[in-house]
$ cat my_file.cif   # mmCIF, C-alpha atoms, pLDDT in the B column; chains and numbers go by the auth columns
data_final
#
loop_
_atom_site.group_PDB
_atom_site.id
_atom_site.type_symbol
_atom_site.label_atom_id
_atom_site.label_comp_id
_atom_site.label_asym_id
_atom_site.label_seq_id
_atom_site.Cartn_x
_atom_site.Cartn_y
_atom_site.Cartn_z
_atom_site.B_iso_or_equiv
_atom_site.auth_seq_id
_atom_site.auth_asym_id
ATOM 1 C CA MET A 1 23.791 -35.047 -82.008 44.00 4 A
ATOM 2 C CA ILE A 2 24.065 -31.477 -80.698 48.00 5 A
ATOM 3 C CA TYR A 3 27.768 -31.959 -80.006 50.00 6 A
ATOM 4 C CA GLN A 4 28.314 -33.172 -83.560 50.00 7 A
ATOM 5 C CA LEU A 5 26.722 -29.971 -84.832 50.00 8 A
ATOM 6 C CA MET A 6 28.805 -27.862 -82.448 50.00 9 A
ATOM 7 C CA TYR A 7 32.006 -29.519 -83.539 54.00 10 A
ATOM 8 C CA GLN A 8 31.104 -29.061 -87.207 54.00 11 A
ATOM 9 C CA VAL A 9 30.484 -25.360 -86.528 54.00 12 A
ATOM 10 C CA MET A 10 33.828 -25.135 -84.749 55.00 13 A
ATOM 11 C CA GLY A 11 35.620 -26.914 -87.618 56.00 14 A
ATOM 12 C CA VAL A 12 35.958 -30.332 -85.987 53.00 15 A
ATOM 13 C CA THR A 13 34.516 -33.190 -87.997 45.00 16 A
ATOM 14 C CA ARG A 14 34.070 -35.776 -85.245 49.00 17 A
ATOM 15 C CA ILE A 15 33.513 -35.849 -81.530 48.00 18 A
ATOM 16 C CA GLU A 16 36.780 -36.209 -79.676 54.00 19 A
ATOM 17 C CA GLN A 17 36.670 -38.763 -76.874 57.00 20 A
ATOM 18 C CA SER A 18 39.218 -36.697 -74.976 62.00 21 A
ATOM 19 C CA CYS A 19 37.033 -33.593 -75.001 77.00 22 A
ATOM 20 C CA THR A 20 36.301 -32.532 -71.436 83.00 23 A
ATOM 21 C CA ASP A 21 32.992 -31.330 -70.041 84.00 24 A
ATOM 22 C CA ARG A 22 34.536 -27.855 -69.730 85.00 25 A
ATOM 23 C CA GLU A 23 35.472 -27.855 -73.423 86.00 26 A
ATOM 24 C CA ARG A 24 31.978 -28.993 -74.410 85.00 27 A
ATOM 25 C CA LEU A 25 30.507 -26.279 -72.179 86.00 28 A
ATOM 26 C CA PHE A 26 32.683 -23.625 -73.841 87.00 29 A
ATOM 27 C CA TYR A 27 31.623 -24.751 -77.328 88.00 30 A
ATOM 28 C CA ARG A 28 27.981 -24.995 -76.316 88.00 31 A
ATOM 29 C CA LEU A 29 28.019 -21.469 -74.906 89.00 32 A
ATOM 30 C CA HIS A 30 29.725 -20.229 -78.070 89.00 33 A
ATOM 31 C CA VAL A 31 27.039 -21.779 -80.265 90.00 34 A
ATOM 32 C CA LEU A 32 24.257 -20.622 -77.933 91.00 35 A
ATOM 33 C CA ILE A 33 25.404 -17.006 -78.197 91.00 36 A
ATOM 34 C CA LYS A 34 25.292 -17.215 -81.995 92.00 37 A
ATOM 35 C CA GLU A 35 21.850 -18.865 -81.915 93.00 38 A
ATOM 36 C CA MET A 36 20.486 -16.246 -79.525 91.00 39 A
ATOM 37 C CA ASP A 37 21.889 -13.390 -81.597 91.00 40 A
ATOM 38 C CA GLN A 38 20.357 -14.772 -84.799 93.00 41 A
ATOM 39 C CA ALA A 39 17.006 -15.468 -83.118 93.00 42 A
ATOM 40 C CA PHE A 40 16.955 -11.996 -81.547 92.00 43 A
ATOM 41 C CA THR A 41 17.766 -10.265 -84.834 92.00 44 A
ATOM 42 C CA SER A 42 15.048 -12.256 -86.587 91.00 45 A
ATOM 43 C CA ALA A 43 12.393 -11.673 -83.898 90.00 46 A
ATOM 44 C CA VAL A 44 13.086 -8.001 -83.248 89.00 47 A
ATOM 45 C CA SER A 45 14.180 -7.006 -86.779 87.00 48 A
ATOM 46 C CA THR A 46 17.365 -5.354 -85.553 90.00 49 A
ATOM 47 C CA SER A 47 20.624 -6.329 -83.901 89.00 50 A
ATOM 48 C CA CYS A 48 21.258 -6.252 -80.172 89.00 51 A
ATOM 49 C CA THR A 49 23.991 -3.670 -80.791 90.00 52 A
ATOM 50 C CA LYS A 50 21.714 -1.252 -82.632 92.00 53 A
ATOM 51 C CA LEU A 51 19.046 -1.564 -79.970 93.00 54 A
ATOM 52 C CA GLU A 52 21.630 -1.020 -77.240 93.00 55 A
ATOM 53 C CA MET A 53 22.984 2.015 -79.090 94.00 56 A
ATOM 54 C CA MET A 54 19.518 3.497 -79.453 95.00 57 A
ATOM 55 C CA GLY A 55 18.862 2.843 -75.767 94.00 58 A
ATOM 56 C CA CYS A 56 22.024 4.736 -74.798 94.00 59 A
ATOM 57 C CA LEU A 57 20.974 7.673 -76.950 95.00 60 A
ATOM 58 C CA HIS A 58 17.518 7.635 -75.397 95.00 61 A
ATOM 59 C CA GLN A 59 18.944 7.674 -71.855 94.00 62 A
ATOM 60 C CA ARG A 60 21.589 10.334 -72.475 92.00 63 A
ATOM 61 C CA ALA A 61 19.752 12.431 -75.097 86.00 64 A
ATOM 62 C CA GLU A 62 22.964 13.229 -77.002 93.00 65 A
ATOM 63 C CA LEU A 63 26.346 11.506 -77.176 93.00 66 A
ATOM 64 C CA SER A 64 29.523 11.722 -79.192 92.00 67 A
ATOM 65 C CA GLN A 65 30.657 8.720 -81.204 91.00 68 A
ATOM 66 C CA LEU A 66 33.560 8.272 -78.787 91.00 69 A
ATOM 67 C CA GLU A 67 31.193 8.221 -75.812 93.00 70 A
ATOM 68 C CA LEU A 68 29.033 5.600 -77.542 93.00 71 A
ATOM 69 C CA GLN A 69 32.121 3.575 -78.339 93.00 72 A
ATOM 70 C CA ARG A 70 33.211 3.585 -74.687 93.00 73 A
ATOM 71 C CA LEU A 71 29.745 2.904 -73.259 93.00 74 A
ATOM 72 C CA LEU A 72 29.134 -0.060 -75.552 93.00 75 A
ATOM 73 C CA GLY A 73 32.675 -1.426 -75.657 92.00 76 A
ATOM 74 C CA LEU A 74 32.782 -1.353 -79.460 92.00 77 A
ATOM 75 C CA ASP A 75 35.507 -0.370 -81.868 92.00 78 A
ATOM 76 C CA ALA A 76 35.232 2.896 -83.792 91.00 79 A
ATOM 77 C CA ALA A 77 34.478 1.188 -87.114 93.00 80 A
ATOM 78 C CA ALA A 78 31.522 -0.727 -85.656 92.00 81 A
ATOM 79 C CA VAL A 79 30.048 2.435 -84.122 93.00 82 A
ATOM 80 C CA THR A 80 30.480 4.331 -87.394 92.00 83 A
ATOM 81 C CA ARG A 81 28.869 1.504 -89.378 94.00 84 A
ATOM 82 C CA HIS A 82 25.843 1.281 -87.056 94.00 85 A
ATOM 83 C CA LEU A 83 25.393 5.050 -86.893 94.00 86 A
ATOM 84 C CA LYS A 84 25.518 5.278 -90.686 94.00 87 A
ATOM 85 C CA GLN A 85 22.695 2.739 -90.952 94.00 88 A
ATOM 86 C CA LEU A 86 20.647 4.480 -88.261 95.00 89 A
ATOM 87 C CA LYS A 87 21.140 7.826 -90.018 95.00 90 A
ATOM 88 C CA GLN A 88 20.036 6.346 -93.369 95.00 91 A
ATOM 89 C CA GLN A 89 16.888 5.096 -91.631 95.00 92 A
ATOM 90 C CA GLN A 90 16.389 8.619 -90.210 96.00 93 A
ATOM 91 C CA LEU A 91 16.457 7.225 -86.661 96.00 94 A
ATOM 92 C CA ILE A 92 19.283 9.510 -85.507 96.00 95 A
ATOM 93 C CA ALA A 93 20.421 13.067 -86.145 95.00 96 A
ATOM 94 C CA CYS A 94 24.008 14.306 -86.069 93.00 97 A
ATOM 95 C CA ARG A 95 25.382 17.740 -85.366 92.00 98 A
ATOM 96 C CA LYS A 96 28.797 19.235 -84.667 90.00 99 A
ATOM 97 C CA HIS A 97 29.802 20.129 -81.126 86.00 100 A
ATOM 98 C CA ASP A 98 29.478 23.882 -80.485 87.00 101 A
ATOM 99 C CA GLN A 99 33.033 24.352 -79.144 88.00 102 A
ATOM 100 C CA ASP A 100 34.878 21.539 -80.981 86.00 103 A
ATOM 101 C CA LYS A 101 33.697 21.081 -84.562 84.00 104 A
ATOM 102 C CA ARG A 102 35.700 17.833 -84.863 86.00 105 A
ATOM 103 C CA ILE A 103 33.229 16.111 -82.538 87.00 106 A
ATOM 104 C CA SER A 104 29.935 14.811 -83.931 88.00 107 A
ATOM 105 C CA LEU A 105 27.077 14.574 -81.482 93.00 108 A
ATOM 106 C CA VAL A 106 24.349 12.019 -82.101 95.00 109 A
ATOM 107 C CA SER A 107 20.761 11.938 -80.858 95.00 110 A
ATOM 108 C CA LEU A 108 17.595 10.009 -81.596 96.00 111 A
ATOM 109 C CA THR A 109 15.038 11.618 -83.871 96.00 112 A
ATOM 110 C CA ASP A 110 11.328 11.468 -83.092 96.00 113 A
ATOM 111 C CA LYS A 111 11.163 8.583 -85.558 97.00 114 A
ATOM 112 C CA GLY A 112 14.047 6.945 -83.678 96.00 115 A
ATOM 113 C CA GLU A 113 12.260 7.334 -80.339 96.00 116 A
ATOM 114 C CA ALA A 114 9.110 5.735 -81.778 97.00 117 A
ATOM 115 C CA GLU A 115 11.154 2.929 -83.322 95.00 118 A
ATOM 116 C CA LEU A 116 12.936 2.333 -80.013 96.00 119 A
ATOM 117 C CA MET A 117 9.613 1.962 -78.183 96.00 120 A
ATOM 118 C CA GLU A 118 8.426 -0.582 -80.770 95.00 121 A
ATOM 119 C CA LEU A 119 11.715 -2.507 -80.683 95.00 122 A
ATOM 120 C CA THR A 120 11.709 -2.497 -76.872 94.00 123 A
ATOM 121 C CA ALA A 121 8.260 -4.105 -76.865 94.00 124 A
ATOM 122 C CA LYS A 122 9.449 -6.748 -79.362 94.00 125 A
ATOM 123 C CA ARG A 123 12.553 -7.336 -77.222 93.00 126 A
ATOM 124 C CA LYS A 124 10.409 -7.869 -74.134 94.00 127 A
ATOM 125 C CA GLN A 125 8.225 -10.374 -75.992 94.00 128 A
ATOM 126 C CA PHE A 126 11.318 -12.196 -77.281 94.00 129 A
ATOM 127 C CA LEU A 127 12.762 -12.452 -73.766 93.00 130 A
ATOM 128 C CA GLU A 128 9.465 -13.779 -72.416 93.00 131 A
ATOM 129 C CA GLN A 129 9.438 -16.510 -75.074 93.00 132 A
ATOM 130 C CA LEU A 130 13.124 -17.276 -74.547 91.00 133 A
ATOM 131 C CA THR A 131 12.694 -17.823 -70.816 93.00 134 A
ATOM 132 C CA ALA A 132 9.098 -19.094 -70.763 94.00 135 A
ATOM 133 C CA ASP A 133 9.958 -22.472 -69.235 94.00 136 A
ATOM 134 C CA LEU A 134 12.496 -21.135 -66.735 94.00 137 A
ATOM 135 C CA SER A 135 11.489 -20.500 -63.140 95.00 138 A
ATOM 136 C CA ASP A 136 12.709 -17.506 -61.169 94.00 139 A
ATOM 137 C CA ALA A 137 15.055 -19.903 -59.357 95.00 140 A
ATOM 138 C CA ASP A 138 16.440 -21.173 -62.694 94.00 141 A
ATOM 139 C CA ILE A 139 17.101 -17.616 -63.801 94.00 142 A
ATOM 140 C CA ALA A 140 18.806 -16.771 -60.511 95.00 143 A
ATOM 141 C CA VAL A 141 21.083 -19.826 -60.841 95.00 144 A
ATOM 142 C CA LEU A 142 21.960 -18.897 -64.434 93.00 145 A
ATOM 143 C CA HIS A 143 22.763 -15.346 -63.334 94.00 146 A
ATOM 144 C CA ALA A 144 25.063 -16.685 -60.634 95.00 147 A
ATOM 145 C CA PHE A 145 26.876 -19.031 -63.022 92.00 148 A
ATOM 146 C CA ILE A 146 27.303 -16.352 -65.670 92.00 149 A
ATOM 147 C CA GLU A 147 28.604 -13.893 -63.079 95.00 150 A
ATOM 148 C CA ARG A 148 31.165 -16.430 -61.837 94.00 151 A
ATOM 149 C CA ILE A 149 32.378 -17.099 -65.379 92.00 152 A
ATOM 150 C CA SER A 150 32.502 -13.349 -66.052 91.00 153 A
ATOM 151 C CA ARG A 151 34.619 -12.773 -62.933 94.00 154 A
ATOM 152 C CA ASN A 152 37.021 -15.483 -64.109 92.00 155 A
ATOM 153 C CA ILE A 153 37.419 -13.666 -67.424 89.00 156 A
ATOM 154 C CA ARG A 154 38.276 -10.402 -65.681 87.00 157 A
#
$ encode --input "my_file.cif" --output "structure tokens"
Amino acid sequence: MIYQLMYQVMGVTRIEQSCTDRERLFYRLHVLIKEMDQAFTSAVSTSCTKLEMMGCLHQRAELSQLELQRLLGLDAAAVTRHLKQLKQQQLIACRKHDQDKRISLVSLTDKGEAELMELTAKRKQFLEQLTADLSDADIAVLHAFIERISRNIR
């Protein structure tokens, strides 16, 4: 049943008998990432990217858009789009660099800091629920598998 759903999501209408375990694993991971992203956004009321961006600003106090782009591995348009939303919500402030007026520096506002603390608590609760039935050993094994796959990508 789950494979039928995965194949429908991926544009395949029936389960292929020739599909390997590796192919099913790839599709399952793909679907899982989407499910986790949607569940996270629903539970925390923001996207992972926005929370990560706010976390970077909290740690570094003030960053340029280019620095945020590099730290998060995002394209310029995505950073601009997220920063625009955060600015509209009054969660960040922008100012021009003192020496180079072409550079915009971004920082969290007091409202942004408070919002980050609230979102961080929601994130922690979400992660607890997500992994509630996993033992420490299960989590360690998952970490090892994910790291091996990540190394293969690099």
$ residues_around --input "my_file.cif" --residues "Gly58 of chain A" --least-positions-apart "3" --cutoff "10 Å" --atoms "only C-alpha atoms" --output "PyMOL selection string"
chain A and resi 52-55+61-64+111+116+119-120+123
$ closest_residue --input "my_file.cif" --among "A:Cys22, A:Ala46, A:Leu86, A:Ile152" --to "Leu122 of chain A" --atoms "only C-alpha atoms"
A:Ala46
$ axis_aligned_box --input "my_file.cif" --around "segment 94-108 of chain A" --padding-each-side "3 Å" --output "AutoDock Vina command-line options"
--center_x 26.1 --center_y 15.8 --center_z -82.9 --size_x 25.2 --size_y 23.1 --size_z 13.5
$ atom_distance --input "my_file.cif" --atom1 "atom CA of Glu70 of chain A" --atom2 "atom CA of His100 of chain A"
13.1 Å
$ closest_residue --input "my_file.cif" --among "A:Ile149, A:Leu77, A:Ala42, A:Leu28" --to "Gln132 of chain A" --atoms "all atoms listed in the file"
A:Ala42
$ atom_distance --input "my_file.cif" --atom1 "atom CA of Asp113 of chain A" --atom2 "atom CA of Leu94 of chain A"
7.6 Å
$ resolve_selection --input "my_file.cif" --expression "the PyMOL selection byres ((chain A and resi 112) around 12)" --output "compact mmCIF listing (two decimals) with C-alpha atoms, keeping the file's coordinate frame"
# COMPACT_ATOMS: atom_id res chain seq x y z
CA MET A 57 19.52 3.50 -79.45
CA LEU A 60 20.97 7.67 -76.95
CA HIS A 61 17.52 7.64 -75.40
CA ALA A 64 19.75 12.43 -75.10
CA GLU A 65 22.96 13.23 -77.00
CA LEU A 89 20.65 4.48 -88.26
CA LYS A 90 21.14 7.83 -90.02
CA GLN A 91 20.04 6.35 -93.37
CA GLN A 92 16.89 5.10 -91.63
CA GLN A 93 16.39 8.62 -90.21
CA LEU A 94 16.46 7.22 -86.66
CA ILE A 95 19.28 9.51 -85.51
CA ALA A 96 20.42 13.07 -86.14
CA CYS A 97 24.01 14.31 -86.07
CA VAL A 109 24.35 12.02 -82.10
CA SER A 110 20.76 11.94 -80.86
CA LEU A 111 17.60 10.01 -81.60
CA ASP A 113 11.33 11.47 -83.09
CA LYS A 114 11.16 8.58 -85.56
CA GLY A 115 14.05 6.94 -83.68
CA GLU A 116 12.26 7.33 -80.34
CA ALA A 117 9.11 5.74 -81.78
CA GLU A 118 11.15 2.93 -83.32
CA LEU A 119 12.94 2.33 -80.01
$ atom_distance --input "my_file.cif" --atom1 "atom CA of Gln128 of chain A" --atom2 "atom CA of Val144 of chain A"
22.0 Å
$ resolve_selection --input "my_file.cif" --expression "the PyMOL selection byres ((chain A and resi 108) around 6)" --output "PDB file with C-alpha atoms, keeping the file's coordinate frame"
ATOM      1  CA  LEU A  66      26.346  11.506 -77.176  1.00 93.00           C
ATOM      2  CA  SER A  67      29.523  11.722 -79.192  1.00 92.00           C
ATOM      3  CA  CYS A  97      24.008  14.306 -86.069  1.00 93.00           C
ATOM      4  CA  ARG A  98      25.382  17.740 -85.366  1.00 92.00           C
ATOM      5  CA  LYS A  99      28.797  19.235 -84.667  1.00 90.00           C
ATOM      6  CA  SER A 107      29.935  14.811 -83.931  1.00 88.00           C
ATOM      7  CA  VAL A 109      24.349  12.019 -82.101  1.00 95.00           C
TER       8      VAL A 109
END
$ closest_residue --input "my_file.cif" --among "A:Leu74, A:His33, A:Arg154, A:Lys125" --to "Thr49 of chain A" --atoms "all atoms listed in the file"
A:Lys125
